[in-house]
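Enquirer: Structure below; questions to follow.
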Amino acid sequence: MEKVQMVIGGKLALVDSDQVKKHVNKQLYVARAIQLQKQLEAEQDPICKRLLSDSLNEIMGKIIRLNRTIRQNVQFVRA
C-alpha cells in the first residue's frame, strides 16, 4: 500500500493513501467538537446549552464511528 505523508495532531505521519480522507475528516470533527465544547462552557442559557450538548454528542458519535473504520497502522515520522 502506498504511504502518504500528512500532519496528524501537529505531528508528521505516514498514512495509507486510502485512509487520508478519513484522517482529515476526523481532524475536522475533532476541531468542531473542541469548538462546541468551548461554546458549551461559556453558554448561560439552558436551551442553548441543550442544543450545543446535542450537537456535541452527534459529533462525538461521528468521531467514534470513524475511529472504528480507521486502520491502526499510522507511522509517525521523527523530525
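Residues in the C-alpha cells are numbered from 1 in each chain, the chains being A, B, ... in the order shown, and ligands are numbered from 1 in the order shown.
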Please identify all polymer residues within 12 Å of segment 5-9 of chain A, counting only C-alpha atoms, omitting same-chain residues fewer than 6 positions from it, and present them as a PDB file with N, CA, C and O atoms, in the first residue's frame.

Expert:
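New file around.pdb:
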```pdb
ATOM      1  N   VAL A  15       0.628   7.679   6.283  1.00  0.00           N
ATOM      2  CA  VAL A  15      -0.711   7.092   6.321  1.00  0.00           C
ATOM      3  C   VAL A  15      -0.959   6.405   4.989  1.00  0.00           C
ATOM      4  O   VAL A  15      -0.513   6.878   3.943  1.00  0.00           O
ATOM      5  N   ASP A  16      -1.668   5.283   5.020  1.00  0.00           N
ATOM      6  CA  ASP A  16      -2.070   4.633   3.774  1.00  0.00           C
ATOM      7  C   ASP A  16      -2.886   5.615   2.936  1.00  0.00           C
ATOM      8  O   ASP A  16      -3.709   6.363   3.471  1.00  0.00           O
ATOM      9  N   SER A  17      -2.662   5.584   1.630  1.00  0.00           N
ATOM     10  CA  SER A  17      -3.304   6.574   0.755  1.00  0.00           C
ATOM     11  C   SER A  17      -4.828   6.499   0.791  1.00  0.00           C
ATOM     12  O   SER A  17      -5.510   7.514   0.632  1.00  0.00           O
ATOM     13  N   GLN A  19      -6.599   5.964   3.394  1.00  0.00           N
ATOM     14  CA  GLN A  19      -7.062   6.380   4.715  1.00  0.00           C
ATOM     15  C   GLN A  19      -6.937   7.893   4.947  1.00  0.00           C
ATOM     16  O   GLN A  19      -7.373   8.391   5.978  1.00  0.00           O
ATOM     17  N   VAL A  20      -6.349   8.609   3.996  1.00  0.00           N
ATOM     18  CA  VAL A  20      -6.080  10.044   4.173  1.00  0.00           C
ATOM     19  C   VAL A  20      -7.363  10.827   4.420  1.00  0.00           C
ATOM     20  O   VAL A  20      -7.444  11.630   5.348  1.00  0.00           O
ATOM     21  N   LYS A  21      -8.370  10.593   3.609  1.00  0.00           N
ATOM     22  CA  LYS A  21      -9.620  11.341   3.746  1.00  0.00           C
ATOM     23  C   LYS A  21     -10.271  11.101   5.110  1.00  0.00           C
ATOM     24  O   LYS A  21     -10.819  12.027   5.713  1.00  0.00           O
ATOM     25  N   LYS A  22     -10.180   9.883   5.617  1.00  0.00           N
ATOM     26  CA  LYS A  22     -10.750   9.575   6.926  1.00  0.00           C
ATOM     27  C   LYS A  22     -10.023  10.344   8.025  1.00  0.00           C
ATOM     28  O   LYS A  22     -10.649  10.864   8.946  1.00  0.00           O
ATOM     29  N   HIS A  23      -8.688  10.433   7.919  1.00  0.00           N
ATOM     30  CA  HIS A  23      -7.923  11.170   8.927  1.00  0.00           C
ATOM     31  C   HIS A  23      -8.231  12.671   8.860  1.00  0.00           C
ATOM     32  O   HIS A  23      -8.326  13.324   9.900  1.00  0.00           O
ATOM     33  N   VAL A  24      -8.388  13.187   7.661  1.00  0.00           N
ATOM     34  CA  VAL A  24      -8.726  14.608   7.503  1.00  0.00           C
ATOM     35  C   VAL A  24     -10.102  14.884   8.099  1.00  0.00           C
ATOM     36  O   VAL A  24     -10.285  15.859   8.842  1.00  0.00           O
ATOM     37  N   ASN A  25     -11.074  14.019   7.796  1.00  0.00           N
ATOM     38  CA  ASN A  25     -12.422  14.190   8.355  1.00  0.00           C
ATOM     39  C   ASN A  25     -12.405  14.111   9.874  1.00  0.00           C
ATOM     40  O   ASN A  25     -13.083  14.885  10.555  1.00  0.00           O
ATOM     41  N   LYS A  26     -11.612  13.193  10.425  1.00  0.00           N
ATOM     42  CA  LYS A  26     -11.526  13.070  11.875  1.00  0.00           C
ATOM     43  C   LYS A  26     -10.968  14.348  12.489  1.00  0.00           C
ATOM     44  O   LYS A  26     -11.469  14.828  13.502  1.00  0.00           O
ATOM     45  N   GLN A  27      -9.944  14.920  11.871  1.00  0.00           N
ATOM     46  CA  GLN A  27      -9.370  16.159  12.390  1.00  0.00           C
ATOM     47  C   GLN A  27     -10.392  17.295  12.363  1.00  0.00           C
ATOM     48  O   GLN A  27     -10.463  18.103  13.295  1.00  0.00           O
ATOM     49  N   LEU A  28     -11.202  17.340  11.306  1.00  0.00           N
ATOM     50  CA  LEU A  28     -12.248  18.365  11.222  1.00  0.00           C
ATOM     51  C   LEU A  28     -13.311  18.153  12.294  1.00  0.00           C
ATOM     52  O   LEU A  28     -13.759  19.113  12.929  1.00  0.00           O
ATOM     53  N   VAL A  30     -12.907  16.623  15.191  1.00  0.00           N
ATOM     54  CA  VAL A  30     -12.315  16.916  16.499  1.00  0.00           C
ATOM     55  C   VAL A  30     -12.250  18.426  16.719  1.00  0.00           C
ATOM     56  O   VAL A  30     -12.573  18.916  17.813  1.00  0.00           O
ATOM     57  N   ALA A  31     -11.864  19.179  15.696  1.00  0.00           N
ATOM     58  CA  ALA A  31     -11.809  20.634  15.821  1.00  0.00           C
ATOM     59  C   ALA A  31     -13.200  21.202  16.106  1.00  0.00           C
ATOM     60  O   ALA A  31     -13.356  22.098  16.948  1.00  0.00           O
ATOM     61  N   VAL A  74      -0.749   3.835  11.369  1.00  0.00           N
ATOM     62  CA  VAL A  74      -0.119   5.126  11.112  1.00  0.00           C
ATOM     63  C   VAL A  74       1.289   5.097  11.701  1.00  0.00           C
ATOM     64  O   VAL A  74       1.500   4.649  12.819  1.00  0.00           O
ATOM     65  N   GLN A  75       2.249   5.569  10.920  1.00  0.00           N
ATOM     66  CA  GLN A  75       3.632   5.646  11.388  1.00  0.00           C
ATOM     67  C   GLN A  75       4.016   7.107  11.526  1.00  0.00           C
ATOM     68  O   GLN A  75       4.005   7.845  10.546  1.00  0.00           O
ATOM     69  N   PHE A  76       4.333   7.511  12.740  1.00  0.00           N
ATOM     70  CA  PHE A  76       4.755   8.887  12.965  1.00  0.00           C
ATOM     71  C   PHE A  76       6.228   9.017  12.650  1.00  0.00           C
ATOM     72  O   PHE A  76       7.045   8.179  13.026  1.00  0.00           O
ATOM     73  N   VAL A  77       6.584  10.094  11.921  1.00  0.00           N
ATOM     74  CA  VAL A  77       7.950  10.335  11.469  1.00  0.00           C
ATOM     75  C   VAL A  77       8.653  11.236  12.440  1.00  0.00           C
ATOM     76  O   VAL A  77       8.106  12.261  12.856  1.00  0.00           O
TER      77      VAL A  77
END
```

Enquirer: Would you compute the distance between atom CA of Leu14 of chain A and atom CA of Gln72 of chain A? Give it in Å to one decimal.

Expert: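 Result for atom CA of Leu14 of chain A versus atom CA of Gln72 of chain A: 11.5 Å, one decimal.
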
Enquirer: Which residues, written as JSON, numbers by chain, have at least one atom at most 12 Å from Gly61 of chain A, with only C-alpha atoms counted and residues fewer than 4 positions away on the same chain left out?

Expert: {"A": [26, 29, 30, 33, 54, 55, 56, 57, 65, 66, 67, 68]}

Enquirer: Among chain A, which residues does DSSP mark as strand (DSSP E) when it is run on the backbone? Keep the chain and numbering as in the structure and answer as a ChimeraX atom specification.

Expert: /A:3-8,11-16,75-76

Enquirer: Once you have the residues from the selection above, write them out as a PDB file, in the first residue's frame, restricted to N, CA, C and O atoms.

Expert:
```
ATOM      1  N   LYS A   3       2.100   4.854   0.882  1.00  0.00           N
ATOM      2  CA  LYS A   3       2.007   5.719   2.060  1.00  0.00           C
ATOM      3  C   LYS A   3       2.052   7.179   1.633  1.00  0.00           C
ATOM      4  O   LYS A   3       2.767   7.545   0.705  1.00  0.00           O
ATOM      5  N   VAL A   4       1.293   7.998   2.337  1.00  0.00           N
ATOM      6  CA  VAL A   4       1.226   9.430   2.090  1.00  0.00           C
ATOM      7  C   VAL A   4       1.651  10.135   3.368  1.00  0.00           C
ATOM      8  O   VAL A   4       1.282   9.721   4.470  1.00  0.00           O
ATOM      9  N   GLN A   5       2.431  11.200   3.210  1.00  0.00           N
ATOM     10  CA  GLN A   5       2.880  11.959   4.369  1.00  0.00           C
ATOM     11  C   GLN A   5       1.870  13.071   4.651  1.00  0.00           C
ATOM     12  O   GLN A   5       1.474  13.813   3.752  1.00  0.00           O
ATOM     13  N   MET A   6       1.444  13.164   5.918  1.00  0.00           N
ATOM     14  CA  MET A   6       0.496  14.204   6.304  1.00  0.00           C
ATOM     15  C   MET A   6       0.717  14.560   7.770  1.00  0.00           C
ATOM     16  O   MET A   6       1.441  13.876   8.484  1.00  0.00           O
ATOM     17  N   VAL A   7       0.088  15.640   8.204  1.00  0.00           N
ATOM     18  CA  VAL A   7       0.199  16.078   9.587  1.00  0.00           C
ATOM     19  C   VAL A   7      -1.047  15.627  10.344  1.00  0.00           C
ATOM     20  O   VAL A   7      -2.166  15.920   9.939  1.00  0.00           O
ATOM     21  N   ILE A   8      -0.814  14.908  11.454  1.00  0.00           N
ATOM     22  CA  ILE A   8      -1.905  14.455  12.313  1.00  0.00           C
ATOM     23  C   ILE A   8      -1.609  14.948  13.717  1.00  0.00           C
ATOM     24  O   ILE A   8      -0.595  14.571  14.303  1.00  0.00           O
ATOM     25  N   LYS A  11       1.827  16.424  14.281  1.00  0.00           N
ATOM     26  CA  LYS A  11       2.995  15.570  14.059  1.00  0.00           C
ATOM     27  C   LYS A  11       2.967  15.024  12.638  1.00  0.00           C
ATOM     28  O   LYS A  11       1.898  14.733  12.100  1.00  0.00           O
ATOM     29  N   LEU A  12       4.135  14.857  12.049  1.00  0.00           N
ATOM     30  CA  LEU A  12       4.253  14.301  10.712  1.00  0.00           C
ATOM     31  C   LEU A  12       4.026  12.794  10.770  1.00  0.00           C
ATOM     32  O   LEU A  12       4.575  12.108  11.642  1.00  0.00           O
ATOM     33  N   ALA A  13       3.206  12.269   9.859  1.00  0.00           N
ATOM     34  CA  ALA A  13       2.870  10.847   9.885  1.00  0.00           C
ATOM     35  C   ALA A  13       2.793  10.285   8.474  1.00  0.00           C
ATOM     36  O   ALA A  13       2.529  11.014   7.518  1.00  0.00           O
ATOM     37  N   LEU A  14       3.030   8.980   8.376  1.00  0.00           N
ATOM     38  CA  LEU A  14       2.828   8.250   7.135  1.00  0.00           C
ATOM     39  C   LEU A  14       1.527   7.468   7.259  1.00  0.00           C
ATOM     40  O   LEU A  14       1.333   6.699   8.205  1.00  0.00           O
ATOM     41  N   VAL A  15       0.628   7.679   6.283  1.00  0.00           N
ATOM     42  CA  VAL A  15      -0.711   7.092   6.321  1.00  0.00           C
ATOM     43  C   VAL A  15      -0.959   6.405   4.989  1.00  0.00           C
ATOM     44  O   VAL A  15      -0.513   6.878   3.943  1.00  0.00           O
ATOM     45  N   ASP A  16      -1.668   5.283   5.020  1.00  0.00           N
ATOM     46  CA  ASP A  16      -2.070   4.633   3.774  1.00  0.00           C
ATOM     47  C   ASP A  16      -2.886   5.615   2.936  1.00  0.00           C
ATOM     48  O   ASP A  16      -3.709   6.363   3.471  1.00  0.00           O
ATOM     49  N   GLN A  75       2.249   5.569  10.920  1.00  0.00           N
ATOM     50  CA  GLN A  75       3.632   5.646  11.388  1.00  0.00           C
ATOM     51  C   GLN A  75       4.016   7.107  11.526  1.00  0.00           C
ATOM     52  O   GLN A  75       4.005   7.845  10.546  1.00  0.00           O
ATOM     53  N   PHE A  76       4.333   7.511  12.740  1.00  0.00           N
ATOM     54  CA  PHE A  76       4.755   8.887  12.965  1.00  0.00           C
ATOM     55  C   PHE A  76       6.228   9.017  12.650  1.00  0.00           C
ATOM     56  O   PHE A  76       7.045   8.179  13.026  1.00  0.00           O
TER      57      PHE A  76
END
```

Enquirer: Using only C-alpha atoms, find the one residue out of A:Met1, A:Lys38, A:Arg32, A:Gly10 that sits nearest to Ile63 of chain A.

Expert: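 The shortest atom-to-atom distance to Ile63 of chain A comes from A:Arg32.
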
Enquirer: Mind pulling up the distance from atom CA of Gln35 of chain A to atom CA of Glu58 of chain A?

Expert: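 Atom-to-atom, atom CA of Glu58 of chain A and atom CA of Gln35 of chain A are spaced 13.6 Å apart.
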
Enquirer: Please report the interatomic distance between atom CA of Arg78 of chain A and atom CA of Asp18 of chain A in Å with one decimal.

Expert: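 These two atoms are separated by 22.5 Å.
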
Enquirer: Output as a ChimeraX atom specification all residues of chain A that backbone DSSP marks as alpha helix (DSSP H).

Expert: /A:20-42,46-69

Enquirer: Since we have the selection now, will you write its residues out, keeping N, CA and C atoms, as a CSV table (one decimal), in the first residue's frame?

Expert:
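This went into out33.csv:
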```
chain,number,residue,atom,x,y,z
A,20,VAL,N,-6.3,8.6,4.0
A,20,VAL,CA,-6.1,10.0,4.2
A,20,VAL,C,-7.4,10.8,4.4
A,21,LYS,N,-8.4,10.6,3.6
A,21,LYS,CA,-9.6,11.3,3.7
A,21,LYS,C,-10.3,11.1,5.1
A,22,LYS,N,-10.2,9.9,5.6
A,22,LYS,CA,-10.7,9.6,6.9
A,22,LYS,C,-10.0,10.3,8.0
A,23,HIS,N,-8.7,10.4,7.9
A,23,HIS,CA,-7.9,11.2,8.9
A,23,HIS,C,-8.2,12.7,8.9
A,24,VAL,N,-8.4,13.2,7.7
A,24,VAL,CA,-8.7,14.6,7.5
A,24,VAL,C,-10.1,14.9,8.1
A,25,ASN,N,-11.1,14.0,7.8
A,25,ASN,CA,-12.4,14.2,8.4
A,25,ASN,C,-12.4,14.1,9.9
A,26,LYS,N,-11.6,13.2,10.4
A,26,LYS,CA,-11.5,13.1,11.9
A,26,LYS,C,-11.0,14.3,12.5
A,27,GLN,N,-9.9,14.9,11.9
A,27,GLN,CA,-9.4,16.2,12.4
A,27,GLN,C,-10.4,17.3,12.4
A,28,LEU,N,-11.2,17.3,11.3
A,28,LEU,CA,-12.2,18.4,11.2
A,28,LEU,C,-13.3,18.2,12.3
A,29,TYR,N,-13.7,16.9,12.5
A,29,TYR,CA,-14.7,16.6,13.6
A,29,TYR,C,-14.2,16.9,14.9
A,30,VAL,N,-12.9,16.6,15.2
A,30,VAL,CA,-12.3,16.9,16.5
A,30,VAL,C,-12.2,18.4,16.7
A,31,ALA,N,-11.9,19.2,15.7
A,31,ALA,CA,-11.8,20.6,15.8
A,31,ALA,C,-13.2,21.2,16.1
A,32,ARG,N,-14.2,20.7,15.4
A,32,ARG,CA,-15.6,21.1,15.7
A,32,ARG,C,-16.0,20.8,17.1
A,33,ALA,N,-15.7,19.6,17.6
A,33,ALA,CA,-16.1,19.2,18.9
A,33,ALA,C,-15.4,20.1,20.0
A,34,ILE,N,-14.2,20.4,19.8
A,34,ILE,CA,-13.5,21.3,20.7
A,34,ILE,C,-14.2,22.7,20.7
A,35,GLN,N,-14.5,23.2,19.5
A,35,GLN,CA,-15.2,24.5,19.4
A,35,GLN,C,-16.6,24.4,20.1
A,36,LEU,N,-17.4,23.3,19.9
A,36,LEU,CA,-18.7,23.2,20.6
A,36,LEU,C,-18.5,23.1,22.1
A,37,GLN,N,-17.5,22.4,22.5
A,37,GLN,CA,-17.2,22.3,24.0
A,37,GLN,C,-16.9,23.6,24.6
A,38,LYS,N,-16.1,24.4,24.0
A,38,LYS,CA,-15.8,25.8,24.5
A,38,LYS,C,-17.1,26.6,24.5
A,39,GLN,N,-17.9,26.5,23.5
A,39,GLN,CA,-19.2,27.3,23.5
A,39,GLN,C,-20.1,26.8,24.6
A,40,LEU,N,-20.1,25.5,24.8
A,40,LEU,CA,-21.0,25.0,25.8
A,40,LEU,C,-20.6,25.5,27.2
A,41,GLU,N,-19.3,25.6,27.5
A,41,GLU,CA,-18.8,26.0,28.8
A,41,GLU,C,-19.1,27.5,29.0
A,42,ALA,N,-19.1,28.3,27.9
A,42,ALA,CA,-19.4,29.7,28.0
A,42,ALA,C,-20.9,30.1,28.0
A,46,PRO,N,-30.1,27.8,29.3
A,46,PRO,CA,-30.2,26.3,29.3
A,46,PRO,C,-30.7,25.7,28.0
A,47,ILE,N,-31.5,26.4,27.3
A,47,ILE,CA,-32.0,25.9,26.0
A,47,ILE,C,-30.8,25.8,25.0
A,48,CYS,N,-30.0,26.9,25.0
A,48,CYS,CA,-28.8,26.9,24.1
A,48,CYS,C,-27.8,25.8,24.5
A,49,LYS,N,-27.7,25.6,25.8
A,49,LYS,CA,-26.8,24.6,26.3
A,49,LYS,C,-27.2,23.2,25.9
A,50,ARG,N,-28.5,23.0,25.9
A,50,ARG,CA,-29.1,21.7,25.5
A,50,ARG,C,-28.8,21.5,24.0
A,51,LEU,N,-29.0,22.5,23.2
A,51,LEU,CA,-28.8,22.4,21.7
A,51,LEU,C,-27.3,22.1,21.4
A,52,LEU,N,-26.4,22.9,22.1
A,52,LEU,CA,-25.0,22.7,22.0
A,52,LEU,C,-24.6,21.3,22.4
A,53,SER,N,-25.1,20.8,23.5
A,53,SER,CA,-24.8,19.5,24.0
A,53,SER,C,-25.3,18.4,23.0
A,54,ASP,N,-26.4,18.5,22.4
A,54,ASP,CA,-26.9,17.6,21.4
A,54,ASP,C,-26.0,17.6,20.2
A,55,SER,N,-25.6,18.8,19.8
A,55,SER,CA,-24.6,18.9,18.6
A,55,SER,C,-23.3,18.2,19.0
A,56,LEU,N,-22.8,18.4,20.2
A,56,LEU,CA,-21.6,17.9,20.6
A,56,LEU,C,-21.6,16.3,20.6
A,57,ASN,N,-22.7,15.8,21.2
A,57,ASN,CA,-22.9,14.3,21.2
A,57,ASN,C,-23.0,13.7,19.8
A,58,GLU,N,-23.6,14.5,18.9
A,58,GLU,CA,-23.7,14.0,17.5
A,58,GLU,C,-22.3,13.9,16.9
A,59,ILE,N,-21.5,15.0,17.1
A,59,ILE,CA,-20.1,15.0,16.5
A,59,ILE,C,-19.3,13.9,17.2
A,60,MET,N,-19.4,13.7,18.5
A,60,MET,CA,-18.6,12.7,19.1
A,60,MET,C,-19.0,11.3,18.6
A,61,GLY,N,-20.3,11.1,18.3
A,61,GLY,CA,-20.7,9.8,17.7
A,61,GLY,C,-20.1,9.6,16.3
A,62,LYS,N,-20.0,10.7,15.6
A,62,LYS,CA,-19.3,10.6,14.3
A,62,LYS,C,-17.8,10.2,14.4
A,63,ILE,N,-17.2,10.8,15.4
A,63,ILE,CA,-15.8,10.5,15.6
A,63,ILE,C,-15.6,9.0,16.0
A,64,ILE,N,-16.5,8.6,16.9
A,64,ILE,CA,-16.4,7.2,17.3
A,64,ILE,C,-16.6,6.2,16.2
A,65,ARG,N,-17.6,6.5,15.3
A,65,ARG,CA,-17.8,5.6,14.2
A,65,ARG,C,-16.7,5.6,13.2
A,66,LEU,N,-16.1,6.8,13.0
A,66,LEU,CA,-15.0,7.0,12.1
A,66,LEU,C,-13.7,6.2,12.7
A,67,ASN,N,-13.5,6.3,14.0
A,67,ASN,CA,-12.4,5.6,14.6
A,67,ASN,C,-12.5,4.1,14.3
A,68,ARG,N,-13.7,3.6,14.3
A,68,ARG,CA,-13.8,2.1,14.0
A,68,ARG,C,-13.4,1.7,12.6
A,69,THR,N,-13.4,2.7,11.7
A,69,THR,CA,-13.1,2.3,10.3
A,69,THR,C,-11.6,2.7,9.9
```
